[in-house]
Amino acid sequence: MWLFLWPNMLPICRLNLLKKEGLSLLYLSGGYLIDTIRKLTLPPYVDSVEWSKWHVFWVDERVVPKNHVDSNYKLAFDGFLSKVPIPPGQVSAINDALSAEGAAEDYQTGLKHLVDTGVLAKSSVTGFPKFDLMLLGMGPDGHVASLFPGHPLLEEKVKWVTHIMDSPKPPPQRITFTFPVINSSAYIAMVVCGPGEVDAVYKALGKTENPVLLPVQRVTPEEELKWFLDEVAASKLQE
Ligand SMILES: O=C1O[C@H](COP(=O)(O)O)[C@@H](O)[C@H](O)[C@H]1O
């Protein structure tokens, strides 16, 4: 595991690497993360990425209309996707006309189709889809995607995408990737900034062991996990 203290460098370093490797699948969460990739929409970085190769998905999404202030799609569209030329057919938002259960099933069906047609790889280790890069944020309680501490969804072992009706963080209805899918990714960047997450960062990365693992501590991708923290989020680690 690697730890970096400069979140804005994350997309620039890693996405240039992706370009060289010819990889193109990106999985976004919501929250602060979108702020950290905004620089990619500006010169000179914007011209250094082969946007036509990109496919974009959401690790989790709130079940609200796409133009709703709580929508992770809207957050990403306003701050990032509307400013770069990724073909619209390669941006996979949820179907916001469906119920939470229906939207999760529909999203999973879409991913299965991409695996069947060879757009998405499958992990030879787990049999779940293998994503190139996931950019994850973490909440103050240590949640990732919409997988919250103590929630039964943490133990989901079969589904690729599932739904939650009682998210402790509003809005309550969401869809989310499950841990088997998250952990089948090749590379995960955990991007955490600001004062709200200081204690959760310390619990996850500090010297004291927690009796109960935070959801973020269950993140173990197949190849590499890197944390990107700003100085505030990392402040307790430096004490
Ligand atoms: O509700 C959510 O929270 C997490 C963390 O968000 P942040 O604002 O604390 O960075 C986010 O990663 C997730 O996608 C989102 O739905």
# chains A, B, ... in the order shown; residues from 1 in each chain; ligands from 1
>>> closest_atom_pairs(of="chain A", to="ligand 1", cutoff="10 Å", atoms="only C-alpha atoms and all ligand atoms", output="tab-separated table")
residue	atom	partner	partner_atom_place_in_ligand_line	distance
A:Leu28	CA	ligand 1	14 (O)	7.4
A:Ser29	CA	ligand 1	14 (O)	3.6
A:Gly30	CA	ligand 1	14 (O)	3.5
A:Gly31	CA	ligand 1	8 (O)	3.2
A:Tyr32	CA	ligand 1	10 (O)	3.9
A:Leu33	CA	ligand 1	10 (O)	5.8
A:Ile34	CA	ligand 1	10 (O)	8.6
A:Asp35	CA	ligand 1	10 (O)	9.4
A:Trp58	CA	ligand 1	14 (O)	8.0
A:Val59	CA	ligand 1	14 (O)	6.8
A:Asp60	CA	ligand 1	14 (O)	5.5
A:Glu61	CA	ligand 1	16 (O)	5.8
A:Arg62	CA	ligand 1	16 (O)	6.5
A:Asp70	CA	ligand 1	16 (O)	8.7
A:Ser71	CA	ligand 1	16 (O)	8.4
A:Asn72	CA	ligand 1	16 (O)	6.6
A:Leu135	CA	ligand 1	12 (O)	8.6
A:Leu136	CA	ligand 1	12 (O)	5.6
A:Gly137	CA	ligand 1	12 (O)	3.6
A:Met138	CA	ligand 1	5 (C)	4.3
A:Gly139	CA	ligand 1	9 (O)	4.0
A:Pro140	CA	ligand 1	9 (O)	6.4
A:Asp141	CA	ligand 1	9 (O)	9.1
A:Gly142	CA	ligand 1	5 (C)	8.5
A:His143	CA	ligand 1	4 (C)	6.7
A:Val144	CA	ligand 1	12 (O)	5.5
A:Ala145	CA	ligand 1	13 (C)	4.6
A:Ser146	CA	ligand 1	16 (O)	5.8
A:Leu147	CA	ligand 1	13 (C)	9.0
A:Phe148	CA	ligand 1	1 (O)	9.5
A:Ser167	CA	ligand 1	1 (O)	8.7
A:Pro168	CA	ligand 1	1 (O)	9.3
A:Lys169	CA	ligand 1	1 (O)	6.3
A:Pro170	CA	ligand 1	1 (O)	7.5
A:Pro171	CA	ligand 1	1 (O)	8.3
A:Pro172	CA	ligand 1	1 (O)	9.7
A:Arg174	CA	ligand 1	16 (O)	7.9
A:Ile175	CA	ligand 1	16 (O)	9.0
A:Thr176	CA	ligand 1	16 (O)	8.5
A:Met190	CA	ligand 1	12 (O)	9.1
A:Val191	CA	ligand 1	10 (O)	7.8
A:Val192	CA	ligand 1	10 (O)	6.6
A:Cys193	CA	ligand 1	10 (O)	7.4
A:Gly194	CA	ligand 1	9 (O)	8.8
A:Gly196	CA	ligand 1	9 (O)	7.6
A:Glu197	CA	ligand 1	9 (O)	7.4
>>> select_by_dssp(residues="region 25-215 of chain A", states="strand (DSSP E or B)", output="JSON, numbers by chain")
{"A": [25, 26, 27, 28, 55, 56, 57, 58, 60, 61, 62, 91, 121, 122, 129, 130, 133, 134, 135, 136, 144, 147, 161, 162, 163, 164, 174, 175, 176, 177, 187, 188, 189, 190, 191, 192]}
>>> closest_atom_pairs(of="region 34-65 of chain A", to="region 85-95 of chain A", cutoff="10 Å", atoms="only C-alpha atoms", output="tab-separated table")
residue	atom	partner	partner_atom	distance
A:Thr41	CA	A:Pro85	CA	9.8
A:Val46	CA	A:Pro85	CA	9.5
A:Glu50	CA	A:Ile86	CA	8.7
A:Trp51	CA	A:Ile86	CA	5.0
A:Ser52	CA	A:Ile86	CA	5.3
A:Lys53	CA	A:Ile86	CA	7.6
A:Trp54	CA	A:Ile86	CA	6.3
A:His55	CA	A:Gln90	CA	4.7
A:Val56	CA	A:Val91	CA	4.8
A:Phe57	CA	A:Ser92	CA	5.1
A:Trp58	CA	A:Ala93	CA	7.0
A:Asp60	CA	A:Ile94	CA	9.4
A:Glu61	CA	A:Ile94	CA	7.5
A:Arg62	CA	A:Ile94	CA	9.1
A:Val63	CA	A:Ile94	CA	8.3
A:Val64	CA	A:Asn95	CA	9.7
A:Pro65	CA	A:Asn95	CA	8.9
>>> closest_atom_pairs(of="region 149-191 of chain A", to="region 215-235 of chain A", cutoff="6 Å", atoms="only C-alpha atoms", output="tab-separated table")
residue	atom	partner	partner_atom	distance
A:Pro149	CA	A:Pro215	CA	5.9
A:Asn183	CA	A:Pro221	CA	4.2
A:Ser184	CA	A:Glu222	CA	5.7
A:Ser185	CA	A:Pro221	CA	5.3
A:Ala186	CA	A:Glu223	CA	4.9
A:Tyr187	CA	A:Glu224	CA	4.9
A:Ile188	CA	A:Leu225	CA	4.9
A:Ala189	CA	A:Lys226	CA	5.0
A:Met190	CA	A:Trp227	CA	4.6
A:Val191	CA	A:Phe228	CA	4.8
>>> write_last_selection(atoms="N, CA, C and O atoms", output="mmCIF file, in the first residue's frame")
data_model
loop_
_atom_site.group_PDB
_atom_site.id
_atom_site.type_symbol
_atom_site.label_atom_id
_atom_site.label_comp_id
_atom_site.auth_asym_id
_atom_site.auth_seq_id
_atom_site.Cartn_x
_atom_site.Cartn_y
_atom_site.Cartn_z
ATOM 1 N N PRO A 149 -20.763 1.106 7.788
ATOM 2 C CA PRO A 149 -20.385 0.263 8.925
ATOM 3 C C PRO A 149 -21.580 -0.489 9.512
ATOM 4 O O PRO A 149 -22.656 0.106 9.674
ATOM 5 N N ASN A 183 -13.179 -5.312 -4.872
ATOM 6 C CA ASN A 183 -11.876 -5.938 -4.614
ATOM 7 C C ASN A 183 -11.340 -6.754 -5.783
ATOM 8 O O ASN A 183 -10.207 -7.239 -5.729
ATOM 9 N N SER A 184 -12.112 -6.861 -6.846
ATOM 10 C CA SER A 184 -11.587 -7.496 -8.065
ATOM 11 C C SER A 184 -10.920 -6.467 -8.978
ATOM 12 O O SER A 184 -10.384 -6.830 -10.028
ATOM 13 N N SER A 185 -10.953 -5.198 -8.596
ATOM 14 C CA SER A 185 -10.284 -4.159 -9.399
ATOM 15 C C SER A 185 -8.783 -4.385 -9.385
ATOM 16 O O SER A 185 -8.238 -4.896 -8.415
ATOM 17 N N ALA A 186 -8.153 -3.935 -10.456
ATOM 18 C CA ALA A 186 -6.694 -3.992 -10.483
ATOM 19 C C ALA A 186 -6.123 -2.957 -9.512
ATOM 20 O O ALA A 186 -5.287 -3.265 -8.675
ATOM 21 N N TYR A 187 -6.612 -1.730 -9.618
ATOM 22 C CA TYR A 187 -5.974 -0.616 -8.923
ATOM 23 C C TYR A 187 -7.071 0.235 -8.283
ATOM 24 O O TYR A 187 -8.063 0.558 -8.940
ATOM 25 N N ILE A 188 -6.891 0.572 -7.030
ATOM 26 C CA ILE A 188 -7.846 1.478 -6.378
ATOM 27 C C ILE A 188 -7.090 2.658 -5.780
ATOM 28 O O ILE A 188 -6.067 2.487 -5.102
ATOM 29 N N ALA A 189 -7.582 3.841 -6.070
ATOM 30 C CA ALA A 189 -7.058 5.051 -5.445
ATOM 31 C C ALA A 189 -8.101 5.521 -4.438
ATOM 32 O O ALA A 189 -9.256 5.755 -4.791
ATOM 33 N N MET A 190 -7.698 5.623 -3.192
ATOM 34 C CA MET A 190 -8.575 6.100 -2.128
ATOM 35 C C MET A 190 -8.241 7.565 -1.897
ATOM 36 O O MET A 190 -7.115 7.882 -1.502
ATOM 37 N N VAL A 191 -9.177 8.433 -2.196
ATOM 38 C CA VAL A 191 -8.886 9.872 -2.144
ATOM 39 C C VAL A 191 -9.656 10.501 -0.991
ATOM 40 O O VAL A 191 -10.890 10.490 -0.987
#
>>> atom_distance(atom1="CA of Asp166 (chain A)", atom2="CA of Phe131 (chain A)")
27.5 Å
>>> select_by_dssp(residues="region 14-237 of chain A", states="alpha helix (DSSP H)", output="short mmCIF file (atom, residue, chain, number, x, y, z; two decimals) with N, CA and C atoms, in the first residue's frame")
data_model
loop_
_atom_site.label_atom_id
_atom_site.label_comp_id
_atom_site.auth_asym_id
_atom_site.auth_seq_id
_atom_site.Cartn_x
_atom_site.Cartn_y
_atom_site.Cartn_z
N ARG A 14 -1.67 9.07 -12.60
CA ARG A 14 -2.21 7.74 -12.88
C ARG A 14 -2.91 7.67 -14.23
N LEU A 15 -3.61 8.73 -14.59
CA LEU A 15 -4.34 8.65 -15.85
C LEU A 15 -3.39 8.73 -17.04
N ASN A 16 -2.28 9.41 -16.88
CA ASN A 16 -1.28 9.37 -17.94
C ASN A 16 -0.73 7.96 -18.08
N LEU A 17 -0.58 7.30 -16.94
CA LEU A 17 -0.13 5.90 -16.96
C LEU A 17 -1.15 5.03 -17.71
N LEU A 18 -2.41 5.29 -17.41
CA LEU A 18 -3.47 4.51 -18.06
C LEU A 18 -3.40 4.67 -19.57
N LYS A 19 -3.11 5.90 -19.99
CA LYS A 19 -3.05 6.16 -21.43
C LYS A 19 -1.95 5.31 -22.06
N LYS A 20 -0.81 5.29 -21.37
CA LYS A 20 0.31 4.51 -21.92
C LYS A 20 -0.04 3.05 -22.01
N GLU A 21 -0.79 2.55 -21.02
CA GLU A 21 -1.11 1.14 -20.99
C GLU A 21 -2.30 0.81 -21.90
N LEU A 33 -14.20 13.52 -4.23
CA LEU A 33 -13.35 12.96 -5.28
C LEU A 33 -13.40 13.76 -6.59
N ILE A 34 -14.58 14.19 -6.97
CA ILE A 34 -14.73 14.87 -8.26
C ILE A 34 -13.88 16.14 -8.29
N ASP A 35 -13.80 16.81 -7.14
CA ASP A 35 -12.96 18.01 -7.06
C ASP A 35 -11.51 17.71 -7.42
N THR A 36 -11.04 16.52 -7.02
CA THR A 36 -9.63 16.21 -7.21
C THR A 36 -9.30 15.87 -8.66
N ASN A 72 -24.84 11.60 -7.83
CA ASN A 72 -23.39 11.50 -8.09
C ASN A 72 -23.10 11.74 -9.57
N TYR A 73 -24.06 11.35 -10.43
CA TYR A 73 -23.90 11.62 -11.86
C TYR A 73 -23.82 13.14 -12.10
N LYS A 74 -24.75 13.88 -11.50
CA LYS A 74 -24.77 15.34 -11.70
C LYS A 74 -23.47 15.97 -11.21
N LEU A 75 -23.01 15.50 -10.07
CA LEU A 75 -21.75 16.02 -9.52
C LEU A 75 -20.60 15.81 -10.51
N ALA A 76 -20.54 14.60 -11.05
CA ALA A 76 -19.45 14.27 -11.99
C ALA A 76 -19.66 14.99 -13.32
N PHE A 77 -20.92 15.11 -13.76
CA PHE A 77 -21.18 15.75 -15.04
C PHE A 77 -20.82 17.24 -14.96
N ASP A 78 -21.31 17.91 -13.93
CA ASP A 78 -21.08 19.36 -13.82
C ASP A 78 -19.59 19.67 -13.65
N GLY A 79 -18.90 18.86 -12.84
CA GLY A 79 -17.52 19.20 -12.51
C GLY A 79 -16.48 18.61 -13.43
N ALA A 100 -34.96 1.54 -6.62
CA ALA A 100 -33.57 1.23 -6.24
C ALA A 100 -33.23 -0.20 -6.63
N GLU A 101 -34.12 -1.13 -6.34
CA GLU A 101 -33.85 -2.53 -6.67
C GLU A 101 -33.72 -2.71 -8.18
N GLY A 102 -34.65 -2.09 -8.91
CA GLY A 102 -34.64 -2.20 -10.38
C GLY A 102 -33.38 -1.57 -10.97
N ALA A 103 -32.98 -0.43 -10.43
CA ALA A 103 -31.79 0.27 -10.96
C ALA A 103 -30.52 -0.55 -10.72
N ALA A 104 -30.45 -1.21 -9.55
CA ALA A 104 -29.26 -2.04 -9.25
C ALA A 104 -29.22 -3.23 -10.21
N GLU A 105 -30.38 -3.88 -10.41
CA GLU A 105 -30.41 -5.02 -11.34
C GLU A 105 -30.05 -4.59 -12.75
N ASP A 106 -30.60 -3.45 -13.15
CA ASP A 106 -30.35 -2.93 -14.50
C ASP A 106 -28.85 -2.61 -14.68
N TYR A 107 -28.24 -2.04 -13.66
CA TYR A 107 -26.81 -1.68 -13.76
C TYR A 107 -25.96 -2.95 -13.84
N GLN A 108 -26.34 -3.94 -13.04
CA GLN A 108 -25.61 -5.21 -13.05
C GLN A 108 -25.75 -5.89 -14.43
N THR A 109 -26.96 -5.85 -14.98
CA THR A 109 -27.18 -6.44 -16.32
C THR A 109 -26.29 -5.74 -17.35
N GLY A 110 -26.20 -4.43 -17.25
CA GLY A 110 -25.36 -3.67 -18.18
C GLY A 110 -23.90 -4.08 -18.07
N LEU A 111 -23.42 -4.26 -16.84
CA LEU A 111 -22.02 -4.67 -16.64
C LEU A 111 -21.80 -6.08 -17.19
N LYS A 112 -22.79 -6.97 -16.98
CA LYS A 112 -22.63 -8.34 -17.47
C LYS A 112 -22.55 -8.35 -18.99
N HIS A 113 -23.34 -7.49 -19.62
CA HIS A 113 -23.29 -7.40 -21.08
C HIS A 113 -21.89 -6.96 -21.53
N LEU A 114 -21.31 -6.01 -20.82
CA LEU A 114 -19.97 -5.54 -21.19
C LEU A 114 -18.91 -6.62 -20.99
N VAL A 115 -19.11 -7.45 -19.99
CA VAL A 115 -18.18 -8.58 -19.80
C VAL A 115 -18.37 -9.57 -20.95
N ASP A 116 -19.65 -9.87 -21.27
CA ASP A 116 -19.93 -10.85 -22.34
C ASP A 116 -19.39 -10.38 -23.69
N PHE A 179 -18.51 -5.57 -2.32
CA PHE A 179 -17.07 -5.76 -2.07
C PHE A 179 -16.40 -6.75 -3.03
N PRO A 180 -17.05 -7.87 -3.39
CA PRO A 180 -16.36 -8.76 -4.34
C PRO A 180 -15.99 -8.04 -5.64
N VAL A 181 -16.84 -7.13 -6.08
CA VAL A 181 -16.54 -6.38 -7.31
C VAL A 181 -15.47 -5.32 -7.05
N ILE A 182 -15.63 -4.57 -5.99
CA ILE A 182 -14.62 -3.54 -5.68
C ILE A 182 -13.24 -4.19 -5.56
N VAL A 198 -10.64 12.88 9.41
CA VAL A 198 -9.38 12.72 10.15
C VAL A 198 -9.39 11.46 11.02
N ASP A 199 -10.48 11.28 11.79
CA ASP A 199 -10.52 10.14 12.72
C ASP A 199 -10.60 8.81 11.97
N ALA A 200 -11.38 8.79 10.90
CA ALA A 200 -11.51 7.53 10.14
C ALA A 200 -10.18 7.18 9.47
N VAL A 201 -9.46 8.19 8.98
CA VAL A 201 -8.13 7.93 8.39
C VAL A 201 -7.21 7.36 9.45
N TYR A 202 -7.26 7.95 10.65
CA TYR A 202 -6.39 7.47 11.73
C TYR A 202 -6.73 6.03 12.11
N LYS A 203 -8.07 5.75 12.19
CA LYS A 203 -8.49 4.38 12.53
C LYS A 203 -8.01 3.39 11.48
N ALA A 204 -8.10 3.81 10.21
CA ALA A 204 -7.77 2.88 9.11
C ALA A 204 -6.26 2.69 8.96
N LEU A 205 -5.49 3.77 9.17
CA LEU A 205 -4.06 3.70 8.85
C LEU A 205 -3.14 3.89 10.04
#
